[in-house]
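Text of entry-v4.pdb (PDB, C-alpha atoms) as supplied:
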ATOM      1  CA  HIS A  20       0.000   0.000   0.000
ATOM      2  CA  THR A  21       2.722   2.448   0.964
ATOM      3  CA  LEU A  22       4.715   1.547  -2.119
ATOM      4  CA  THR A  23       1.693   2.311  -4.315
ATOM      5  CA  ALA A  24       1.288   5.728  -2.666
ATOM      6  CA  ALA A  25       5.036   6.368  -3.020
ATOM      7  CA  LEU A  26       4.966   5.410  -6.689
ATOM      8  CA  VAL A  27       2.099   7.837  -7.347
ATOM      9  CA  GLY A  28       4.016  10.565  -5.480
ATOM     10  CA  LEU A  29       7.166   9.958  -7.495
ATOM     11  CA  GLN A  30       5.224   9.961 -10.755
ATOM     12  CA  THR A  31       3.706  13.312  -9.801
ATOM     13  CA  ALA A  32       7.159  14.662  -8.925
ATOM     14  CA  GLU A  33       8.549  13.386 -12.236
ATOM     15  CA  HIS A  34       5.747  15.110 -14.128
ATOM     16  CA  ALA A  35       6.363  18.331 -12.171
ATOM     17  CA  VAL A  36      10.084  18.213 -13.062
ATOM     18  CA  LYS A  37       9.200  17.859 -16.745
ATOM     19  CA  LYS A  38       6.963  20.923 -16.412
ATOM     20  CA  ASN A  39       9.743  22.858 -14.588
ATOM     21  CA  ASN A  40       7.615  23.070 -11.446
ATOM     22  CA  SER A  41      10.358  22.496  -8.882
ATOM     23  CA  ALA A  42       8.187  23.593  -5.945
ATOM     24  CA  LEU A  43       5.639  20.851  -6.620
ATOM     25  CA  ALA A  44       8.383  18.305  -7.369
ATOM     26  CA  ASN A  45      10.158  19.059  -4.084
ATOM     27  CA  ALA A  46       6.879  18.904  -2.152
ATOM     28  CA  MET A  47       5.997  15.520  -3.660
ATOM     29  CA  ILE A  48       9.479  14.134  -2.993
ATOM     30  CA  ALA A  49       9.237  15.237   0.653
ATOM     31  CA  ARG A  50       5.745  13.719   0.987
ATOM     32  CA  THR A  51       6.913  10.493  -0.665
ATOM     33  CA  LYS A  52       9.911  10.289   1.647
ATOM     34  CA  GLU A  53       7.565  10.622   4.620
ATOM     35  CA  SER A  54       5.267   7.975   3.110
ATOM     36  CA  VAL A  55       8.139   5.516   2.685
ATOM     37  CA  GLN A  56       9.219   6.135   6.291
ATOM     38  CA  GLN A  57       5.681   5.398   7.464
ATOM     39  CA  GLY A  58       5.734   2.253   5.335
ATOM     40  CA  LEU A  59       8.918   1.134   7.025
ATOM     41  CA  ASP A  60       7.261   1.739  10.384
ATOM     42  CA  ASN A  61       4.277  -0.351   9.223
ATOM     43  CA  VAL A  62       6.577  -3.221   8.234
ATOM     44  CA  ARG A  63       8.137  -3.093  11.683
ATOM     45  CA  SER A  64       4.644  -3.202  13.225
ATOM     46  CA  SER A  65       3.740  -6.219  11.099
ATOM     47  CA  ILE A  66       6.828  -8.073  12.249
ATOM     48  CA  HIS A  67       5.933  -7.210  15.815
ATOM     49  CA  LEU A  68       2.435  -8.660  15.228
ATOM     50  CA  LEU A  69       3.993 -11.955  14.220
ATOM     51  CA  ARG A  70       6.201 -12.122  17.292
ATOM     52  CA  GLU A  71       3.746 -11.675  20.091
ATOM     53  CA  ASN A  72       0.073 -11.976  20.805
ATOM     54  CA  MET A  73      -0.995  -8.378  21.110
ATOM     55  CA  GLU A  74      -3.897  -7.096  23.155
ATOM     56  CA  ASP A  75      -7.110  -6.222  21.337
ATOM     57  CA  ASP A  76      -6.563  -2.501  21.904
ATOM     58  CA  LYS A  77      -3.291  -2.743  19.966
ATOM     59  CA  THR A  78      -5.022  -4.546  17.084
ATOM     60  CA  LYS A  79      -7.678  -1.853  16.876
ATOM     61  CA  PHE A  80      -4.973   0.812  17.174
ATOM     62  CA  ASN A  81      -3.000  -0.703  14.266
ATOM     63  CA  LEU A  82      -6.093  -0.848  12.046
ATOM     64  CA  ILE A  83      -7.049   2.740  12.857
ATOM     65  CA  THR A  84      -3.453   3.851  12.241
ATOM     66  CA  LEU A  85      -3.552   2.169   8.815
ATOM     67  CA  ILE A  86      -6.842   3.928   8.049
ATOM     68  CA  ASP A  87      -5.565   7.319   9.253
ATOM     69  CA  ASN A  88      -2.325   6.988   7.251
ATOM     70  CA  THR A  89      -4.270   6.052   4.128
ATOM     71  CA  VAL A  90      -6.549   9.071   4.503
ATOM     72  CA  ALA A  91      -3.556  11.379   5.073
ATOM     73  CA  GLN A  92      -1.643  10.045   2.049
ATOM     74  CA  THR A  93      -4.519   9.902  -0.417
ATOM     75  CA  ASN A  94      -7.222  12.349   0.735
ATOM     76  CA  ILE A  95      -9.914   9.684   0.400
ATOM     77  CA  ASN A  96     -12.664   9.201   3.000
ATOM     78  CA  ILE A  97     -12.877   6.086   5.157
ATOM     79  CA  THR A  98     -15.534   5.495   7.785
ATOM     80  CA  TYR A  99     -15.099   2.557  10.119
ATOM     81  CA  ASN A 100     -16.744   0.643  12.920
ATOM     82  CA  ILE A 101     -14.514  -1.762  14.846
ATOM     83  CA  ASP A 102     -15.906  -3.647  17.852
ATOM     84  CA  SER A 103     -14.609  -2.145  21.059
ATOM     85  CA  SER A 104     -14.847  -5.519  22.843
ATOM     86  CA  PHE A 105     -12.956  -7.582  20.314
ATOM     87  CA  PRO A 106     -11.476 -10.814  21.746
ATOM     88  CA  ASP A 107      -7.746 -11.418  21.976
ATOM     89  CA  LEU A 108      -6.640 -12.925  18.685
ATOM     90  CA  PRO A 109      -3.664 -15.070  17.692
ATOM     91  CA  PRO A 110      -1.052 -13.072  15.718
ATOM     92  CA  ILE A 111      -1.818 -14.940  12.474
ATOM     93  CA  ILE A 112      -5.477 -13.819  12.553
ATOM     94  CA  GLU A 113      -4.484 -10.246  13.444
ATOM     95  CA  LEU A 114      -2.040 -10.164  10.551
ATOM     96  CA  THR A 115      -4.620 -11.630   8.151
ATOM     97  CA  ILE A 116      -7.146  -8.922   9.076
ATOM     98  CA  TYR A 117      -4.549  -6.141   8.824
ATOM     99  CA  ARG A 118      -3.261  -7.333   5.431
ATOM    100  CA  ALA A 119      -6.812  -7.790   4.088
ATOM    101  CA  LEU A 120      -7.697  -4.208   4.996
ATOM    102  CA  GLN A 121      -4.433  -2.951   3.521
ATOM    103  CA  GLU A 122      -4.910  -4.871   0.268
ATOM    104  CA  GLY A 123      -8.589  -3.930   0.001
ATOM    105  CA  LEU A 124      -7.805  -0.224   0.364
ATOM    106  CA  THR A 125      -4.890  -0.403  -2.071
ATOM    107  CA  ASN A 126      -6.928  -2.240  -4.711
ATOM    108  CA  GLY A 127      -9.890   0.084  -4.326
ATOM    109  CA  ILE A 128      -7.697   3.147  -4.814
ATOM    110  CA  LYS A 129      -5.403   1.762  -7.499
ATOM    111  CA  HIS A 130      -7.804  -0.278  -9.634
ATOM    112  CA  GLY A 131     -11.193   1.229  -8.828
ATOM    113  CA  ALA A 132     -10.287   4.918  -8.340
ATOM    114  CA  SER A 133     -12.306   4.741  -5.107
ATOM    115  CA  THR A 134     -12.738   7.899  -3.050
ATOM    116  CA  PHE A 135     -14.823   6.488  -0.199
ATOM    117  CA  PHE A 136     -14.663   3.299   1.889
ATOM    118  CA  ILE A 137     -16.718   1.806   4.704
ATOM    119  CA  PHE A 138     -14.926  -0.700   6.957
ATOM    120  CA  GLU A 139     -16.601  -2.838   9.610
ATOM    121  CA  LEU A 140     -15.018  -5.448  11.875
ATOM    122  CA  HIS A 141     -17.138  -7.359  14.378
ATOM    123  CA  TYR A 142     -17.048 -10.514  16.437
ATOM    124  CA  ASN A 143     -20.357 -12.368  16.401
ATOM    125  CA  THR A 144     -20.466 -14.262  19.703
ATOM    126  CA  ASP A 145     -23.482 -16.349  18.636
ATOM    127  CA  SER A 146     -21.916 -17.742  15.459
ATOM    128  CA  GLN A 147     -18.346 -17.363  16.794
ATOM    129  CA  LEU A 148     -17.301 -15.625  13.582
ATOM    130  CA  ILE A 149     -15.069 -12.647  12.977
ATOM    131  CA  GLU A 150     -16.876 -10.588  10.337
ATOM    132  CA  PHE A 151     -14.814  -8.264   8.127
ATOM    133  CA  ASN A 152     -16.546  -6.044   5.554
ATOM    134  CA  LEU A 153     -14.965  -3.398   3.328
ATOM    135  CA  THR A 154     -16.963  -1.611   0.632
ATOM    136  CA  ASP A 155     -15.918   1.169  -1.721
ATOM    137  CA  ASN A 156     -17.452   3.460  -4.324
ATOM    138  CA  GLY A 157     -14.941   2.712  -7.056
ATOM    139  CA  ASN A 158     -15.427   1.954 -10.706
ATOM    140  CA  SER A 159     -16.273  -1.735 -10.799
ATOM    141  CA  THR A 160     -16.997  -2.061 -14.514
ATOM    142  CA  SER A 161     -13.877  -4.095 -15.251
ATOM    143  CA  PRO A 162     -13.669  -7.716 -14.081
ATOM    144  CA  ILE A 163     -12.024  -8.434 -10.744
ATOM    145  CA  VAL A 164      -8.657 -10.041 -11.426
ATOM    146  CA  PHE A 165      -6.962 -12.103  -8.733
ATOM    147  CA  GLY A 166      -3.374 -10.921  -9.005
ATOM    148  CA  PHE A 167      -0.634 -11.522  -6.447
ATOM    149  CA  GLY A 168      -2.237  -9.423  -3.694
ATOM    150  CA  LEU A 169      -5.749 -10.886  -3.843
ATOM    151  CA  SER A 170      -4.387 -14.412  -4.289
ATOM    152  CA  ALA A 171      -2.145 -14.016  -1.223
ATOM    153  CA  MET A 172      -5.065 -12.582   0.773
ATOM    154  CA  THR A 173      -7.311 -15.483  -0.222
ATOM    155  CA  GLU A 174      -4.621 -17.996   0.741
ATOM    156  CA  ARG A 175      -4.071 -16.318   4.147
ATOM    157  CA  VAL A 176      -7.824 -16.338   4.860
ATOM    158  CA  HIS A 177      -8.205 -19.997   3.812
ATOM    159  CA  ASP A 178      -5.136 -20.989   5.867
ATOM    160  CA  ILE A 179      -6.960 -19.910   9.049
ATOM    161  CA  GLY A 180     -10.242 -21.567   8.026
ATOM    162  CA  GLY A 181     -11.946 -18.421   6.804
ATOM    163  CA  GLU A 182     -13.958 -17.543   3.732
ATOM    164  CA  LEU A 183     -13.471 -14.576   1.407
ATOM    165  CA  LYS A 184     -15.993 -13.109  -1.000
ATOM    166  CA  ILE A 185     -15.525 -10.189  -3.417
ATOM    167  CA  GLU A 186     -18.559  -8.793  -5.187
ATOM    168  CA  LYS A 187     -19.271  -5.877  -7.483
ATOM    169  CA  ILE A 188     -21.946  -3.451  -6.320
ATOM    170  CA  ASN A 189     -23.926  -2.368  -9.399
ATOM    171  CA  ASN A 190     -20.879  -0.854 -11.174
ATOM    172  CA  HIS A 191     -20.478   1.563  -8.267
ATOM    173  CA  GLY A 192     -18.045  -0.196  -6.032
ATOM    174  CA  VAL A 193     -16.767  -3.458  -4.659
ATOM    175  CA  SER A 194     -17.528  -5.328  -1.455
ATOM    176  CA  LEU A 195     -14.875  -7.455   0.263
ATOM    177  CA  SER A 196     -16.286  -9.771   2.938
ATOM    178  CA  ILE A 197     -14.306 -12.144   5.107
ATOM    179  CA  THR A 198     -15.567 -14.467   7.815
ATOM    180  CA  ILE A 199     -13.159 -16.241  10.136
ATOM    181  CA  PRO A 200     -14.308 -18.872  12.648
ATOM    182  CA  PHE A 201     -12.969 -18.084  16.098
ATOM    183  CA  ASN A 202     -13.920 -19.620  19.432
ATOM    184  CA  SER A 203     -12.699 -17.070  21.968
ATOM    185  CA  THR A 204     -13.082 -19.506  24.891
ATOM    186  CA  GLN A 205     -10.571 -21.918  23.299
ATOM    187  CA  HIS A 206      -7.990 -19.164  22.736
ATOM    188  CA  VAL A 207      -7.956 -17.547  26.178
ATOM    189  CA  GLY A 208      -4.637 -17.439  28.021
TER     190      GLY A 208
END

Take the structure in this file and express it as structure tokens.
Amino acid sequence: HTLTAALVGLQTAEHAVKKNNSALANAMIARTKESVQQGLDNVRSSIHLLRENMEDDKTKFNLITLIDNTVAQTNINITYNIDSSFPDLPPIIELTIYRALQEGLTNGIKHGASTFFIFELHYNTDSQLIEFNLTDNGNSTSPIVFGFGLSAMTERVHDIGGELKIEKINNHGVSLSITIPFNSTQHVG
């Protein structure tokens, strides 16, 4: 995700250089440098997620940080609703959720020219399912192609017993839904 934003920033800077607009080029280079630094910080956070079972507040914090960074770098709008009483999750499930949100946002921006997203993450105690939903308002007229990112996301979700569904919404967006079975009583302590 960060690399996509950095690439767009560098392309803008390159175009500004060709137009002899050094002020814009310098501004975009500075913004891109900051974006790459944030990306490096995100990679470090991801590695940390793999190493220890983080508390639910940290998981929510990481997701909100990803959302806030995306909004700051792209000027798109993202509304979200993340359960405040989310159970403690194993690192592999936390990473799967984080990467799915990251990939969903990146694809919506890059391939769908989306300007608005709605993200919801809930734990349904009755069905014992983690429910992840991300919708956007992008251009969904072209077919959804499972490249490296979507294929990796699908594999990660299936590896933890989950299901992934991607649907077009009447040529005005895409919906990414993931359900992951999780029995919180078996994973305590």

Close residues, range 82-96 of chain A itself excluded, 8 Å, all atoms listed in the file, min 2 positions apart in chain, as a ChimeraX atom specification: /A:24,54,78-80,98,117,120-121,133-136

Within 10 Å of Met47 in chain A using only C-alpha atoms, minus same-chain residues under 2 positions, as a ChimeraX atom specification: /A:25,27-33,35,41-45,49-53

Residues selected by the PyMOL selection byres ((chain A and resi 169) around 12), written as number ranges by chain: A: 118-127, 163-168, 170-176, 183-185, 195

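Interatomic distance, CA of His130 in chain A against CA of Leu26 in chain A: 14.3 Å.
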
Draw an axis-aligned box over all listed atoms of range 57-61 of chain A, pad each side with 3 Å, and write its centre and edge lengths in Å, one decimal, as lines of an AutoDock Vina configuration file.
center_x = 6.6
center_y = 2.5
center_z = 7.9
size_x = 10.6
size_y = 11.7
size_z = 11.0

Given only C-alpha atoms as the counted atoms, nearest of A:Asn190, A:Thr154, A:Ser103, A:Gln57 to Lys77 in chain A: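 So, comparing all the options, the nearest one is A:Ser103.
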
CA of Glu182 in chain A to CA of Pro200 in chain A, distance in Å rounded to a single decimal: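 Result for CA of Glu182 in chain A versus CA of Pro200 in chain A: 9.0 Å, one decimal.
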
Between CA of Ile101 in chain A and CA of His141 in chain A, distance in Å (one decimal): 6.2 Å

Nearest candidate to Asp107 in chain A (options A:Ala132, A:Ile149, A:Ile137, A:Ala46; using all atoms listed in the file):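 The answer is A:Ile149, which sits nearest to Asp107 in chain A.
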
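When only C-alpha atoms are used to measure the gap to Gln147 in chain A, the shortest distance among A:Asn202, A:Ser196, A:Thr23, A:Asn189 belongs to A:Asn202.
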
Selection as a list in words: residues within 12 Å of (-21.7, -14.0, 21.6), counting all atoms listed in the file: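 Looking at atoms near the point gives Ser104, Phe105, Pro106, His141, Tyr142, Asn143, Thr144, Asp145, Ser146, Gln147, Leu148, Ile149, Phe201, Asn202, Ser203 and Thr204 of chain A.
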
Okay, now the selection with C-alpha atoms, as a tab-separated table (two decimals), keeping the file's coordinate frame?
chain	number	residue	atom	x	y	z
A	104	SER	CA	-14.85	-5.52	22.84
A	105	PHE	CA	-12.96	-7.58	20.31
A	106	PRO	CA	-11.48	-10.81	21.75
A	141	HIS	CA	-17.14	-7.36	14.38
A	142	TYR	CA	-17.05	-10.51	16.44
A	143	ASN	CA	-20.36	-12.37	16.40
A	144	THR	CA	-20.47	-14.26	19.70
A	145	ASP	CA	-23.48	-16.35	18.64
A	146	SER	CA	-21.92	-17.74	15.46
A	147	GLN	CA	-18.35	-17.36	16.79
A	148	LEU	CA	-17.30	-15.62	13.58
A	149	ILE	CA	-15.07	-12.65	12.98
A	201	PHE	CA	-12.97	-18.08	16.10
A	202	ASN	CA	-13.92	-19.62	19.43
A	203	SER	CA	-12.70	-17.07	21.97
A	204	THR	CA	-13.08	-19.51	24.89
